[in-house]
file start30.csv (CSV, C-alpha atoms)
chain,number,residue,atom,x,y,z
A,19,MET,CA,0.0,0.0,0.0
A,20,ASP,CA,1.1,3.5,-0.7
A,21,SER,CA,-0.1,5.6,2.2
A,22,PRO,CA,-0.5,9.3,2.4
A,23,VAL,CA,2.9,9.5,4.0
A,24,ASP,CA,4.5,8.1,0.8
A,25,ALA,CA,4.9,11.6,-0.6
A,26,VAL,CA,8.4,12.9,-0.4
A,27,PRO,CA,9.2,16.3,-2.1
A,28,ALA,CA,11.5,15.9,-5.0
A,29,ASN,CA,13.3,18.3,-7.3
A,30,THR,CA,12.2,17.1,-10.7
A,31,ALA,CA,11.7,18.6,-14.1
A,32,GLY,CA,8.4,17.0,-15.0
A,33,ALA,CA,8.8,13.3,-14.5
A,34,SER,CA,7.4,10.9,-17.1
A,35,LEU,CA,4.1,9.1,-16.1
A,36,GLY,CA,4.9,6.1,-18.2
A,37,PRO,CA,2.5,4.0,-20.2
A,38,PHE,CA,-0.8,2.7,-18.9
A,39,HIS,CA,-0.2,-1.0,-18.9
A,40,GLN,CA,-2.8,-3.5,-20.1
A,41,SER,CA,-4.7,-5.6,-17.6
A,42,ALA,CA,-7.7,-7.9,-17.7
A,43,ALA,CA,-10.8,-5.8,-17.5
A,44,LEU,CA,-12.6,-6.3,-14.1
A,45,SER,CA,-9.6,-8.1,-12.6
A,46,LEU,CA,-9.3,-7.5,-8.9
A,47,GLY,CA,-6.5,-6.9,-6.3
A,48,VAL,CA,-7.2,-6.4,-2.6
A,49,GLU,CA,-4.9,-5.0,0.1
A,50,LEU,CA,-5.7,-5.0,3.8
A,51,GLU,CA,-3.8,-3.2,6.6
A,52,LEU,CA,-4.2,-5.1,9.8
A,53,GLN,CA,-3.6,-4.5,13.5
A,54,LEU,CA,-1.2,-6.5,15.7
A,55,VAL,CA,-2.2,-6.5,19.3
A,56,ASN,CA,-0.9,-8.2,22.4
A,57,THR,CA,-3.2,-10.6,24.4
A,58,HIS,CA,-2.5,-9.0,27.7
A,59,ASP,CA,-4.4,-5.7,27.4
A,60,TYR,CA,-5.1,-5.8,23.6
A,61,ASP,CA,-3.2,-2.7,22.9
A,62,LEU,CA,-1.1,-2.5,19.7
A,63,ALA,CA,2.1,-4.6,19.8
A,64,PRO,CA,5.2,-3.9,17.8
A,65,TYR,CA,5.6,-7.4,16.3
A,66,SER,CA,5.6,-6.8,12.5
A,67,ASP,CA,9.2,-8.0,12.2
A,68,GLU,CA,8.5,-11.3,14.0
A,69,MET,CA,5.3,-11.8,12.0
A,70,LEU,CA,7.1,-11.2,8.7
A,71,ARG,CA,9.8,-13.8,9.6
A,72,LEU,CA,7.2,-16.4,10.5
A,73,MET,CA,5.0,-15.7,7.5
A,74,ALA,CA,8.0,-16.1,5.2
A,75,GLY,CA,7.8,-19.8,6.0
A,76,HIS,CA,4.4,-20.1,4.4
A,77,LYS,CA,3.9,-20.5,0.7
A,78,LEU,CA,1.0,-18.1,0.0
A,79,PRO,CA,-0.5,-16.1,-2.8
A,80,GLY,CA,0.0,-12.3,-2.8
A,81,SER,CA,2.3,-10.7,-0.3
A,82,VAL,CA,2.7,-9.7,3.3
A,83,VAL,CA,4.7,-6.5,4.0
A,84,PRO,CA,5.4,-4.0,6.8
A,85,GLU,CA,3.7,-0.6,7.1
A,86,MET,CA,4.7,2.7,8.6
A,87,THR,CA,4.6,1.7,12.2
A,88,SER,CA,5.7,-1.6,13.7
A,89,SER,CA,2.3,-2.6,15.0
A,90,MET,CA,0.9,-2.8,11.4
A,91,ILE,CA,1.1,-5.3,8.7
A,92,GLU,CA,-0.3,-5.3,5.2
A,93,ILE,CA,-1.5,-8.3,3.2
A,94,SER,CA,-2.5,-8.3,-0.4
A,95,THR,CA,-3.9,-10.8,-3.0
A,96,GLY,CA,-2.4,-11.5,-6.4
A,97,VAL,CA,-4.3,-10.5,-9.5
A,98,CYS,CA,-7.7,-12.2,-9.1
A,99,GLN,CA,-10.5,-12.7,-11.6
A,100,SER,CA,-13.4,-13.2,-9.2
A,101,THR,CA,-14.6,-12.5,-5.7
A,102,ALA,CA,-14.3,-16.3,-5.1
A,103,GLN,CA,-10.6,-16.1,-5.9
A,104,VAL,CA,-10.2,-13.0,-3.7
A,105,GLY,CA,-11.8,-14.8,-0.8
A,106,ASP,CA,-9.7,-17.9,-1.3
A,107,GLU,CA,-6.5,-16.0,-1.3
A,108,LEU,CA,-7.4,-13.7,1.7
A,109,ARG,CA,-8.5,-16.7,3.8
A,110,GLN,CA,-5.3,-18.5,3.1
A,111,ILE,CA,-3.3,-15.5,4.2
A,112,ARG,CA,-5.6,-14.9,7.2
A,113,ASP,CA,-5.3,-18.5,8.4
A,114,ALA,CA,-1.5,-18.3,8.2
A,115,LEU,CA,-1.5,-14.9,10.0
A,116,VAL,CA,-3.5,-16.4,12.8
A,117,LYS,CA,-1.2,-19.4,13.2
A,118,CYS,CA,1.9,-17.1,13.3
A,119,ALA,CA,0.2,-14.8,15.8
A,120,ASP,CA,-0.6,-17.7,18.1
A,121,LYS,CA,3.1,-18.6,18.1
A,122,LEU,CA,3.9,-15.1,19.3
A,123,ASN,CA,1.0,-14.9,21.7
A,124,ILE,CA,-0.5,-11.9,19.9
A,125,ASP,CA,-3.7,-11.4,17.8
A,126,VAL,CA,-4.5,-9.9,14.4
A,127,VAL,CA,-7.5,-7.5,14.2
A,128,GLY,CA,-9.4,-5.7,11.5
A,129,GLY,CA,-11.0,-2.3,11.9
A,130,GLY,CA,-10.0,1.2,10.6
A,131,THR,CA,-8.5,2.4,13.9
A,132,HIS,CA,-7.3,0.8,17.1
A,133,PRO,CA,-9.9,2.0,19.7
A,134,PHE,CA,-7.5,3.2,22.4
A,135,GLN,CA,-3.8,3.1,21.3
A,136,GLN,CA,-1.8,6.3,22.0
A,137,TRP,CA,0.0,7.6,18.9
A,138,HIS,CA,3.1,8.7,20.7
A,139,GLU,CA,3.8,5.1,21.8
A,140,ARG,CA,4.1,3.9,18.2
A,141,ARG,CA,7.5,2.9,16.6
A,142,ILE,CA,8.4,3.8,13.1
A,143,TYR,CA,9.2,0.6,11.2
A,144,ASP,CA,13.0,0.4,10.6
A,145,LYS,CA,13.1,1.0,6.9
A,146,PRO,CA,15.0,3.9,5.1
A,147,ARG,CA,11.8,5.2,3.4
A,148,PHE,CA,9.8,5.2,6.6
A,149,ARG,CA,12.5,7.0,8.5
A,150,GLU,CA,12.7,9.6,5.8
A,151,LEU,CA,9.0,10.1,5.9
A,152,SER,CA,8.9,10.3,9.6
A,153,ALA,CA,11.6,13.1,9.5
A,154,LEU,CA,9.4,14.9,7.0
A,155,TYR,CA,6.0,14.6,8.6
A,156,GLY,CA,6.8,14.4,12.2
A,157,TYR,CA,4.0,13.3,14.5
A,158,LEU,CA,1.6,12.8,11.6
A,159,SER,CA,3.6,9.7,10.7
A,160,LYS,CA,2.8,8.0,14.0
A,161,GLN,CA,-0.7,9.3,13.9
A,162,PHE,CA,-1.1,7.5,10.6
A,163,THR,CA,-1.4,4.2,12.5
A,164,ILE,CA,-4.7,3.6,10.8
A,165,PHE,CA,-5.9,0.7,8.7
A,166,GLY,CA,-7.6,0.6,5.3
A,167,GLN,CA,-8.6,-1.7,2.5
A,168,HIS,CA,-7.7,-0.8,-1.0
A,169,VAL,CA,-9.3,-2.4,-4.1
A,170,HIS,CA,-7.7,-2.4,-7.5
A,171,VAL,CA,-9.9,-3.1,-10.5
A,172,GLY,CA,-8.5,-3.7,-14.0
A,173,CYS,CA,-9.4,-1.3,-16.9
A,174,PRO,CA,-9.1,-2.1,-20.6
A,175,ASP,CA,-7.2,1.1,-21.5
A,176,ALA,CA,-6.1,4.5,-20.0
A,177,ASP,CA,-9.2,6.5,-21.1
A,178,SER,CA,-11.5,3.9,-19.8
A,179,ALA,CA,-9.7,4.0,-16.5
A,180,LEU,CA,-10.3,7.8,-16.1
A,181,LEU,CA,-13.9,7.4,-17.1
A,182,MET,CA,-14.3,4.6,-14.6
A,183,LEU,CA,-12.6,6.6,-11.9
A,184,HIS,CA,-15.0,9.5,-12.2
A,185,ARG,CA,-18.0,7.3,-12.5
A,186,MET,CA,-16.9,5.4,-9.4
A,187,SER,CA,-16.5,8.7,-7.5
A,188,ARG,CA,-20.3,9.0,-7.2
A,189,TYR,CA,-20.1,5.8,-5.0
A,190,ILE,CA,-17.4,6.9,-2.6
A,191,PRO,CA,-20.1,7.5,0.2
A,192,HIS,CA,-21.4,4.0,-0.4
A,193,PHE,CA,-18.0,2.5,0.0
A,194,ILE,CA,-17.3,4.6,3.2
A,195,ALA,CA,-20.5,3.8,4.9
A,196,LEU,CA,-20.5,0.0,4.1
A,197,SER,CA,-16.9,-0.4,5.3
A,198,ALA,CA,-16.9,2.0,8.2
A,199,SER,CA,-15.2,0.5,11.2
A,200,SER,CA,-13.4,3.3,13.0
A,201,PRO,CA,-15.7,5.0,15.6
A,202,PHE,CA,-13.1,5.0,18.4
A,203,VAL,CA,-9.9,7.0,18.6
A,204,GLN,CA,-7.6,7.4,21.6
A,205,GLY,CA,-10.2,5.8,23.8
A,206,GLN,CA,-13.1,8.0,22.8
A,207,ASP,CA,-16.2,7.6,20.6
A,208,THR,CA,-15.6,10.2,17.9
A,209,GLN,CA,-19.3,10.1,16.8
A,210,PHE,CA,-18.0,9.3,13.3
A,211,ASP,CA,-18.5,5.9,11.8
A,212,SER,CA,-15.2,6.4,9.9
A,213,ALA,CA,-12.9,8.6,11.9
A,214,ARG,CA,-9.9,7.0,10.0
A,215,LEU,CA,-10.5,9.2,7.0
A,216,ASN,CA,-10.1,12.4,9.1
A,217,SER,CA,-6.4,11.4,9.5
A,218,VAL,CA,-6.0,11.0,5.8
A,219,PHE,CA,-7.4,14.4,5.1
A,220,ALA,CA,-4.6,15.9,7.3
A,221,PHE,CA,-2.1,15.2,4.5
A,222,PRO,CA,-1.5,17.4,1.4
A,223,MET,CA,-3.0,16.3,-1.9
A,224,SER,CA,-5.7,14.1,-0.5
A,225,GLY,CA,-9.3,14.2,-1.8
A,226,ARG,CA,-10.3,13.8,-5.4
A,227,ALA,CA,-8.4,13.4,-8.6
A,228,PRO,CA,-8.6,16.2,-11.2
A,229,PHE,CA,-11.4,16.0,-13.7
A,230,THR,CA,-9.8,14.7,-16.8
A,231,LEU,CA,-11.4,12.1,-19.2
A,232,HIS,CA,-8.5,11.6,-21.6
A,233,TRP,CA,-5.1,10.2,-20.7
A,234,ASN,CA,-3.2,12.8,-22.6
A,235,GLU,CA,-4.8,15.5,-20.4
A,236,PHE,CA,-3.9,13.5,-17.3
A,237,GLU,CA,-0.3,13.2,-18.5
A,238,HIS,CA,-0.2,17.0,-19.0
A,239,PHE,CA,-1.5,17.5,-15.4
A,240,PHE,CA,1.1,15.0,-14.1
A,241,ALA,CA,3.9,16.8,-15.9
A,242,LYS,CA,2.9,20.2,-14.6
A,243,THR,CA,2.6,18.8,-11.1
A,244,THR,CA,6.0,17.1,-11.0
A,245,ARG,CA,7.7,20.2,-12.3
A,246,THR,CA,6.8,21.9,-9.1
A,247,GLY,CA,8.9,19.3,-7.2
A,248,VAL,CA,6.0,18.5,-4.8
A,249,VAL,CA,5.5,15.0,-6.2
A,250,LYS,CA,7.7,12.7,-8.2
A,251,SER,CA,5.5,9.7,-9.0
A,252,MET,CA,1.8,8.5,-8.9
A,253,LYS,CA,2.3,7.1,-5.4
A,254,ASP,CA,2.6,10.6,-4.1
A,255,PHE,CA,-1.0,11.3,-5.0
A,256,TYR,CA,-3.2,9.8,-2.3
A,257,TRP,CA,-6.6,10.6,-3.7
A,258,ASP,CA,-9.7,8.7,-2.7
A,259,ILE,CA,-9.4,7.0,-6.1
A,260,ARG,CA,-6.3,7.1,-8.3
A,261,PRO,CA,-5.1,5.5,-11.5
A,262,LYS,CA,-2.3,3.0,-11.3
A,263,PRO,CA,-0.8,2.9,-14.8
A,264,GLU,CA,1.9,0.4,-13.9
A,265,TYR,CA,-0.9,-2.1,-13.0
A,266,GLY,CA,-3.5,-1.0,-15.6
A,267,THR,CA,-6.0,-0.4,-12.8
A,268,ILE,CA,-7.7,2.2,-10.7
A,269,GLU,CA,-7.3,2.0,-7.0
A,270,ILE,CA,-10.2,2.8,-4.5
A,271,ARG,CA,-8.7,3.8,-1.2
A,272,VAL,CA,-11.5,5.0,1.1
A,273,PHE,CA,-12.5,1.7,2.7
A,274,ASP,CA,-11.8,1.1,6.4
A,275,THR,CA,-10.4,-2.4,6.9
A,276,PRO,CA,-13.4,-4.6,7.8
A,277,LEU,CA,-13.5,-6.8,10.8
A,278,THR,CA,-13.8,-9.9,8.6
A,279,VAL,CA,-12.4,-11.2,5.4
A,280,GLU,CA,-15.9,-11.9,4.2
A,281,ARG,CA,-16.8,-8.3,4.3
A,282,ALA,CA,-13.6,-7.4,2.5
A,283,VAL,CA,-14.5,-9.8,-0.2
A,284,ALA,CA,-18.0,-8.3,-0.5
A,285,LEU,CA,-16.7,-4.8,-0.8
A,286,ALA,CA,-14.3,-5.9,-3.6
A,287,GLY,CA,-17.3,-7.6,-5.3
A,288,PHE,CA,-19.3,-4.3,-5.1
A,289,VAL,CA,-16.4,-2.5,-6.9
A,290,GLN,CA,-16.2,-5.3,-9.6
A,291,CYS,CA,-20.0,-5.3,-10.2
A,292,LEU,CA,-20.1,-1.5,-10.5
A,293,ALA,CA,-17.1,-1.6,-12.9
A,294,SER,CA,-18.9,-4.2,-15.0
A,295,TRP,CA,-22.0,-2.0,-15.1
A,296,PHE,CA,-20.0,1.0,-16.2
A,297,LEU,CA,-18.1,-0.8,-18.9
A,298,GLU,CA,-21.1,-2.6,-20.4
A,299,GLU,CA,-24.0,-0.2,-20.0
A,300,GLN,CA,-22.3,3.2,-19.8
A,301,PRO,CA,-25.1,4.3,-17.5
A,302,PHE,CA,-24.1,8.0,-17.2
A,303,LEU,CA,-21.3,10.4,-18.3
A,304,PRO,CA,-19.5,12.0,-15.4
A,305,VAL,CA,-19.1,15.8,-15.4
A,306,GLU,CA,-17.1,18.2,-13.3
A,307,ASP,CA,-20.3,19.4,-11.6
A,308,ASP,CA,-20.7,15.9,-10.0
A,309,TYR,CA,-18.0,17.1,-7.6
A,310,MET,CA,-20.1,20.0,-6.2
A,311,VAL,CA,-21.7,17.6,-3.7
A,312,TYR,CA,-18.7,15.2,-3.4
A,313,THR,CA,-17.2,16.6,-0.2
A,314,TYR,CA,-20.6,16.9,1.5
A,315,ASN,CA,-21.5,13.3,0.6
A,316,ARG,CA,-18.2,12.0,1.8
A,317,PHE,CA,-18.5,13.8,5.1
A,318,GLN,CA,-22.0,12.5,5.6
A,319,ALA,CA,-20.9,8.9,5.1
A,320,CYS,CA,-17.9,9.3,7.4
A,321,ARG,CA,-20.0,11.0,10.1
A,322,PHE,CA,-23.2,9.0,10.0
A,323,GLY,CA,-22.4,5.8,8.1
A,324,LEU,CA,-25.5,4.1,6.7
A,325,ASP,CA,-27.7,6.7,8.3
A,326,ALA,CA,-26.2,9.4,6.1
A,327,VAL,CA,-28.0,11.6,3.6
A,328,TYR,CA,-26.9,11.3,0.0
A,329,VAL,CA,-27.2,14.1,-2.5
A,330,GLU,CA,-27.6,12.7,-6.0
A,331,PRO,CA,-25.1,14.6,-8.1
A,332,ALA,CA,-27.2,14.8,-11.3
A,333,THR,CA,-30.5,15.9,-9.8
A,334,GLY,CA,-29.6,17.4,-6.4
A,335,GLN,CA,-32.2,15.0,-4.8
A,336,HIS,CA,-31.6,14.3,-1.1
A,337,LEU,CA,-32.3,10.7,0.1
A,338,PRO,CA,-31.1,8.2,2.7
A,339,LEU,CA,-27.8,6.8,1.6
A,340,ARG,CA,-28.9,3.3,2.5
A,341,ASP,CA,-31.8,3.6,0.0
A,342,HIS,CA,-29.4,4.7,-2.7
A,343,ILE,CA,-27.2,1.7,-1.9
A,344,LEU,CA,-30.1,-0.7,-2.2
A,345,GLU,CA,-31.2,0.9,-5.4
A,346,THR,CA,-27.7,0.6,-6.8
A,347,LEU,CA,-27.5,-3.1,-5.8
A,348,GLN,CA,-30.7,-3.8,-7.7
A,349,ARG,CA,-29.3,-2.1,-10.8
A,350,ILE,CA,-26.2,-4.2,-10.8
A,351,ALA,CA,-27.8,-7.4,-9.8
A,352,GLY,CA,-27.4,-8.9,-13.3
A,353,HIS,CA,-23.7,-8.2,-13.3
A,354,ALA,CA,-23.5,-9.8,-9.8
A,355,VAL,CA,-25.0,-13.0,-11.2
A,356,ARG,CA,-22.6,-13.1,-14.1
A,357,LEU,CA,-19.6,-12.4,-11.9
A,358,GLY,CA,-20.6,-14.9,-9.2
A,359,ALA,CA,-21.0,-12.1,-6.6
A,360,THR,CA,-24.6,-12.6,-5.6
A,361,GLY,CA,-23.7,-13.7,-2.1
A,362,SER,CA,-21.5,-10.7,-1.5
A,363,MET,CA,-24.2,-8.3,-2.8
A,364,ALA,CA,-26.8,-10.0,-0.5
A,365,LEU,CA,-24.5,-9.4,2.5
A,366,LEU,CA,-24.2,-5.7,1.6
A,367,ALA,CA,-27.9,-5.4,0.9
A,368,ASP,CA,-28.7,-6.8,4.3
A,369,ASP,CA,-26.3,-4.4,6.0
A,370,ALA,CA,-27.9,-1.4,4.2
A,371,ALA,CA,-31.4,-2.5,5.0
A,372,ARG,CA,-30.6,-2.8,8.7
A,373,ALA,CA,-28.2,0.2,8.7
A,374,SER,CA,-25.6,-2.1,10.2
A,375,ASN,CA,-21.9,-1.9,9.6
A,376,ASP,CA,-18.8,-2.7,11.6
A,377,ALA,CA,-18.8,0.6,13.3
A,378,ARG,CA,-22.2,-0.3,14.7
A,379,TRP,CA,-21.0,-3.7,15.8
A,380,LEU,CA,-18.1,-2.1,17.7
A,381,ARG,CA,-20.3,0.4,19.4
A,382,GLU,CA,-22.8,-2.3,20.4
A,383,ARG,CA,-20.0,-4.4,21.9
A,384,HIS,CA,-18.7,-1.4,23.8
A,385,ALA,CA,-22.2,-0.6,25.2
A,386,ARG,CA,-22.4,-4.1,26.5
A,387,GLU,CA,-18.9,-4.7,27.7
A,388,ARG,CA,-17.9,-1.1,28.8
A,389,LEU,CA,-14.3,-2.0,28.2
A,390,LEU,CA,-12.5,-1.3,24.9
A,391,ALA,CA,-9.9,-4.0,25.5
A,392,GLU,CA,-12.7,-6.5,25.5
A,393,VAL,CA,-14.1,-5.1,22.3
A,394,VAL,CA,-10.7,-5.6,20.7
A,395,ARG,CA,-10.5,-9.1,22.0
A,396,GLN,CA,-13.9,-9.9,20.5
A,397,ALA,CA,-12.9,-8.3,17.2
A,398,ALA,CA,-9.8,-10.5,17.1
A,399,LEU,CA,-12.0,-13.5,17.5
A,400,ARG,CA,-14.2,-12.3,14.7
A,401,PHE,CA,-11.3,-11.8,12.3
A,402,ARG,CA,-10.0,-15.3,12.7
A,403,THR,CA,-13.4,-17.1,12.2
A,404,ALA,CA,-15.9,-16.9,9.3
call {"tool": "encode", "arguments": {"input": "start30.csv", "output": "structure tokens"}}
result
Amino acid sequence: MDSPVDAVPANTAGASLGPFHQSAALSLGVELELQLVNTHDYDLAPYSDEMLRLMAGHKLPGSVVPEMTSSMIEISTGVCQSTAQVGDELRQIRDALVKCADKLNIDVVGGGTHPFQQWHERRIYDKPRFRELSALYGYLSKQFTIFGQHVHVGCPDADSALLMLHRMSRYIPHFIALSASSPFVQGQDTQFDSARLNSVFAFPMSGRAPFTLHWNEFEHFFAKTTRTGVVKSMKDFYWDIRPKPEYGTIEIRVFDTPLTVERAVALAGFVQCLASWFLEEQPFLPVEDDYMVYTYNRFQACRFGLDAVYVEPATGQHLPLRDHILETLQRIAGHAVRLGATGSMALLADDAARASNDARWLRERHARERLLAEVVRQAALRFRTA
């Protein structure tokens, strides 16, 4: 994963963006950032090095890599053609993680934030790039101990990727609300379903990609931006959705890490079904004015989750976000059948109908247990079992 702290100023003279590589349309790749916690008080534990050493002994698809601080670990699938393949690969990696964690007497947990960790206690992972970024961003680097899911979806060509990116932007609130799992920060209920994204917004060049529908226009934007020396490559842009020309994909970056692999699979399936709808039916043409309500819709989803209000960009109509999610799932039902994702879409439809996401689950457990450490313990149990 390229996190918002991947951006390092560079003196360049307009770097080359490089070609948009071919990929199989609708192929998927999923990344999950996960928490490592001790089993004494369920605070974060700096065990990423030990976990990486143990995981190296397992032959697995995808990859397992460190992240900015040493209580984080990132897993990713390989290039997958279906949600079934995504699920199979994530479960293989999850099961190996759990076995390795048991040997270390620690646990692995999902969720977009750890509910009560203190940022100043975090350790920067000992890697030259991470040390450099820590020197650049100071305390923000440690505060970026947050956990997200990223979904890559393959695009047939560069112009199609930009068109898909801007179509997909209408559904950013849907992704946020369905994945929200970060209501607690520093021991407090933030009253946000996804407080994690507030940390992302603290970094420069977050938010939305520029409105360009042709790759040559995007290349021109990239060249102008790199001439300033603020960025030197695509990884320095940490928009909600960004093109990844080296993979031939667009990458959606707003999801909180879910508490279960099954929900992560369902969210990837939602992206794939939307992408299929866009490519095959061309349901609407995005325009710059779509973004007039973008920030409002995104805030609503972060703050209220599935109880948010959604403003339809084309008409200005206000309606419950969960109703728009259910309407969207009905529209893409045929694509879900063809792609083998009906089970995933049913899971999301049930969540939307009940206004139930992982943030609600965490709050309900806290209301019952009154102890955030116990909430984390139960979340760890939920991660390791279907």
call {"tool": "closest_residue", "arguments": {"input": "start30.csv", "among": "A:Pro331, A:Gly323, A:Gly80, A:Gly47", "to": "A:Gln209", "atoms": "all atoms listed in the file"}}
result
A:Gly323
call {"tool": "atom_distance", "arguments": {"input": "start30.csv", "atom1": "atom CA of A:Glu306", "atom2": "atom CA of A:Cys320"}}
result
22.5 Å
call {"tool": "closest_residue", "arguments": {"input": "start30.csv", "among": "A:Arg226, A:His132, A:Lys262, A:His192", "to": "A:Leu324", "atoms": "only C-alpha atoms"}}
result
A:His192
call {"tool": "residues_around", "arguments": {"input": "start30.csv", "residues": "A:Arg349", "least_positions_apart": "6", "cutoff": "12 Å", "atoms": "all atoms listed in the file", "output": "number ranges by chain"}}
result
A: 288, 291-292, 294-296, 299, 301, 342-343, 355, 363
call {"tool": "residues_around", "arguments": {"input": "start30.csv", "residues": "A:Phe322", "least_positions_apart": "3", "cutoff": "12 Å", "atoms": "all atoms listed in the file", "output": "ChimeraX atom specification"}}
result
/A:191-192,194-196,198-201,208-213,314-319,325-328,338-340,373-375,377-378
call {"tool": "residues_around", "arguments": {"input": "start30.csv", "residues": "A:Asp341", "least_positions_apart": "4", "cutoff": "9 Å", "atoms": "only C-alpha atoms", "output": "short mmCIF file (atom, residue, chain, number, x, y, z; two decimals) with C-alpha atoms, keeping the file's coordinate frame"}}
result
data_model
loop_
_atom_site.label_atom_id
_atom_site.label_comp_id
_atom_site.auth_asym_id
_atom_site.auth_seq_id
_atom_site.Cartn_x
_atom_site.Cartn_y
_atom_site.Cartn_z
CA LEU A 337 -32.30 10.70 0.10
CA GLU A 345 -31.20 0.90 -5.40
CA THR A 346 -27.70 0.60 -6.80
CA ALA A 370 -27.90 -1.40 4.20
CA ALA A 371 -31.40 -2.50 5.00
#
call {"tool": "closest_residue", "arguments": {"input": "start30.csv", "among": "A:Pro84, A:Pro304, A:Pro64, A:Gly128", "to": "A:Leu231", "atoms": "only C-alpha atoms"}}
result
A:Pro304
call {"tool": "atom_distance", "arguments": {"input": "start30.csv", "atom1": "atom CA of A:Leu365", "atom2": "atom CA of A:Arg281"}}
result
8.0 Å
call {"tool": "decode", "arguments": {"input": "start30.csv", "residues": "stretch 350-404 of chain A", "atoms": "C-alpha atoms", "output": "PDB file, in the first residue's frame"}}
result
ATOM      1  CA  ILE A 350     -26.171  -4.166 -10.825  1.00  0.00           C
ATOM      2  CA  ALA A 351     -27.849  -7.445  -9.843  1.00  0.00           C
ATOM      3  CA  GLY A 352     -27.432  -8.935 -13.315  1.00  0.00           C
ATOM      4  CA  HIS A 353     -23.728  -8.196 -13.258  1.00  0.00           C
ATOM      5  CA  ALA A 354     -23.451  -9.792  -9.819  1.00  0.00           C
ATOM      6  CA  VAL A 355     -25.019 -12.983 -11.185  1.00  0.00           C
ATOM      7  CA  ARG A 356     -22.628 -13.103 -14.130  1.00  0.00           C
ATOM      8  CA  LEU A 357     -19.601 -12.419 -11.925  1.00  0.00           C
ATOM      9  CA  GLY A 358     -20.558 -14.897  -9.197  1.00  0.00           C
ATOM     10  CA  ALA A 359     -20.955 -12.145  -6.604  1.00  0.00           C
ATOM     11  CA  THR A 360     -24.596 -12.562  -5.585  1.00  0.00           C
ATOM     12  CA  GLY A 361     -23.682 -13.727  -2.079  1.00  0.00           C
ATOM     13  CA  SER A 362     -21.487 -10.689  -1.521  1.00  0.00           C
ATOM     14  CA  MET A 363     -24.168  -8.321  -2.785  1.00  0.00           C
ATOM     15  CA  ALA A 364     -26.766  -9.988  -0.535  1.00  0.00           C
ATOM     16  CA  LEU A 365     -24.499  -9.400   2.472  1.00  0.00           C
ATOM     17  CA  LEU A 366     -24.197  -5.696   1.623  1.00  0.00           C
ATOM     18  CA  ALA A 367     -27.920  -5.359   0.908  1.00  0.00           C
ATOM     19  CA  ASP A 368     -28.730  -6.841   4.307  1.00  0.00           C
ATOM     20  CA  ASP A 369     -26.319  -4.406   5.968  1.00  0.00           C
ATOM     21  CA  ALA A 370     -27.863  -1.441   4.157  1.00  0.00           C
ATOM     22  CA  ALA A 371     -31.419  -2.508   4.967  1.00  0.00           C
ATOM     23  CA  ARG A 372     -30.555  -2.809   8.679  1.00  0.00           C
ATOM     24  CA  ALA A 373     -28.207   0.228   8.686  1.00  0.00           C
ATOM     25  CA  SER A 374     -25.632  -2.120  10.189  1.00  0.00           C
ATOM     26  CA  ASN A 375     -21.885  -1.874   9.596  1.00  0.00           C
ATOM     27  CA  ASP A 376     -18.760  -2.733  11.589  1.00  0.00           C
ATOM     28  CA  ALA A 377     -18.823   0.641  13.345  1.00  0.00           C
ATOM     29  CA  ARG A 378     -22.245  -0.255  14.739  1.00  0.00           C
ATOM     30  CA  TRP A 379     -20.964  -3.698  15.801  1.00  0.00           C
ATOM     31  CA  LEU A 380     -18.055  -2.105  17.682  1.00  0.00           C
ATOM     32  CA  ARG A 381     -20.339   0.403  19.437  1.00  0.00           C
ATOM     33  CA  GLU A 382     -22.806  -2.308  20.405  1.00  0.00           C
ATOM     34  CA  ARG A 383     -20.024  -4.408  21.909  1.00  0.00           C
ATOM     35  CA  HIS A 384     -18.701  -1.415  23.823  1.00  0.00           C
ATOM     36  CA  ALA A 385     -22.162  -0.554  25.153  1.00  0.00           C
ATOM     37  CA  ARG A 386     -22.448  -4.117  26.455  1.00  0.00           C
ATOM     38  CA  GLU A 387     -18.889  -4.685  27.709  1.00  0.00           C
ATOM     39  CA  ARG A 388     -17.923  -1.133  28.796  1.00  0.00           C
ATOM     40  CA  LEU A 389     -14.285  -2.004  28.163  1.00  0.00           C
ATOM     41  CA  LEU A 390     -12.530  -1.257  24.877  1.00  0.00           C
ATOM     42  CA  ALA A 391      -9.902  -3.953  25.465  1.00  0.00           C
ATOM     43  CA  GLU A 392     -12.701  -6.531  25.536  1.00  0.00           C
ATOM     44  CA  VAL A 393     -14.099  -5.052  22.301  1.00  0.00           C
ATOM     45  CA  VAL A 394     -10.696  -5.563  20.654  1.00  0.00           C
ATOM     46  CA  ARG A 395     -10.511  -9.128  21.981  1.00  0.00           C
ATOM     47  CA  GLN A 396     -13.888  -9.941  20.481  1.00  0.00           C
ATOM     48  CA  ALA A 397     -12.913  -8.251  17.208  1.00  0.00           C
ATOM     49  CA  ALA A 398      -9.809 -10.461  17.091  1.00  0.00           C
ATOM     50  CA  LEU A 399     -11.996 -13.542  17.491  1.00  0.00           C
ATOM     51  CA  ARG A 400     -14.250 -12.278  14.721  1.00  0.00           C
ATOM     52  CA  PHE A 401     -11.309 -11.796  12.335  1.00  0.00           C
ATOM     53  CA  ARG A 402     -10.036 -15.342  12.736  1.00  0.00           C
ATOM     54  CA  THR A 403     -13.397 -17.068  12.158  1.00  0.00           C
ATOM     55  CA  ALA A 404     -15.887 -16.891   9.281  1.00  0.00           C
TER      56      ALA A 404
END
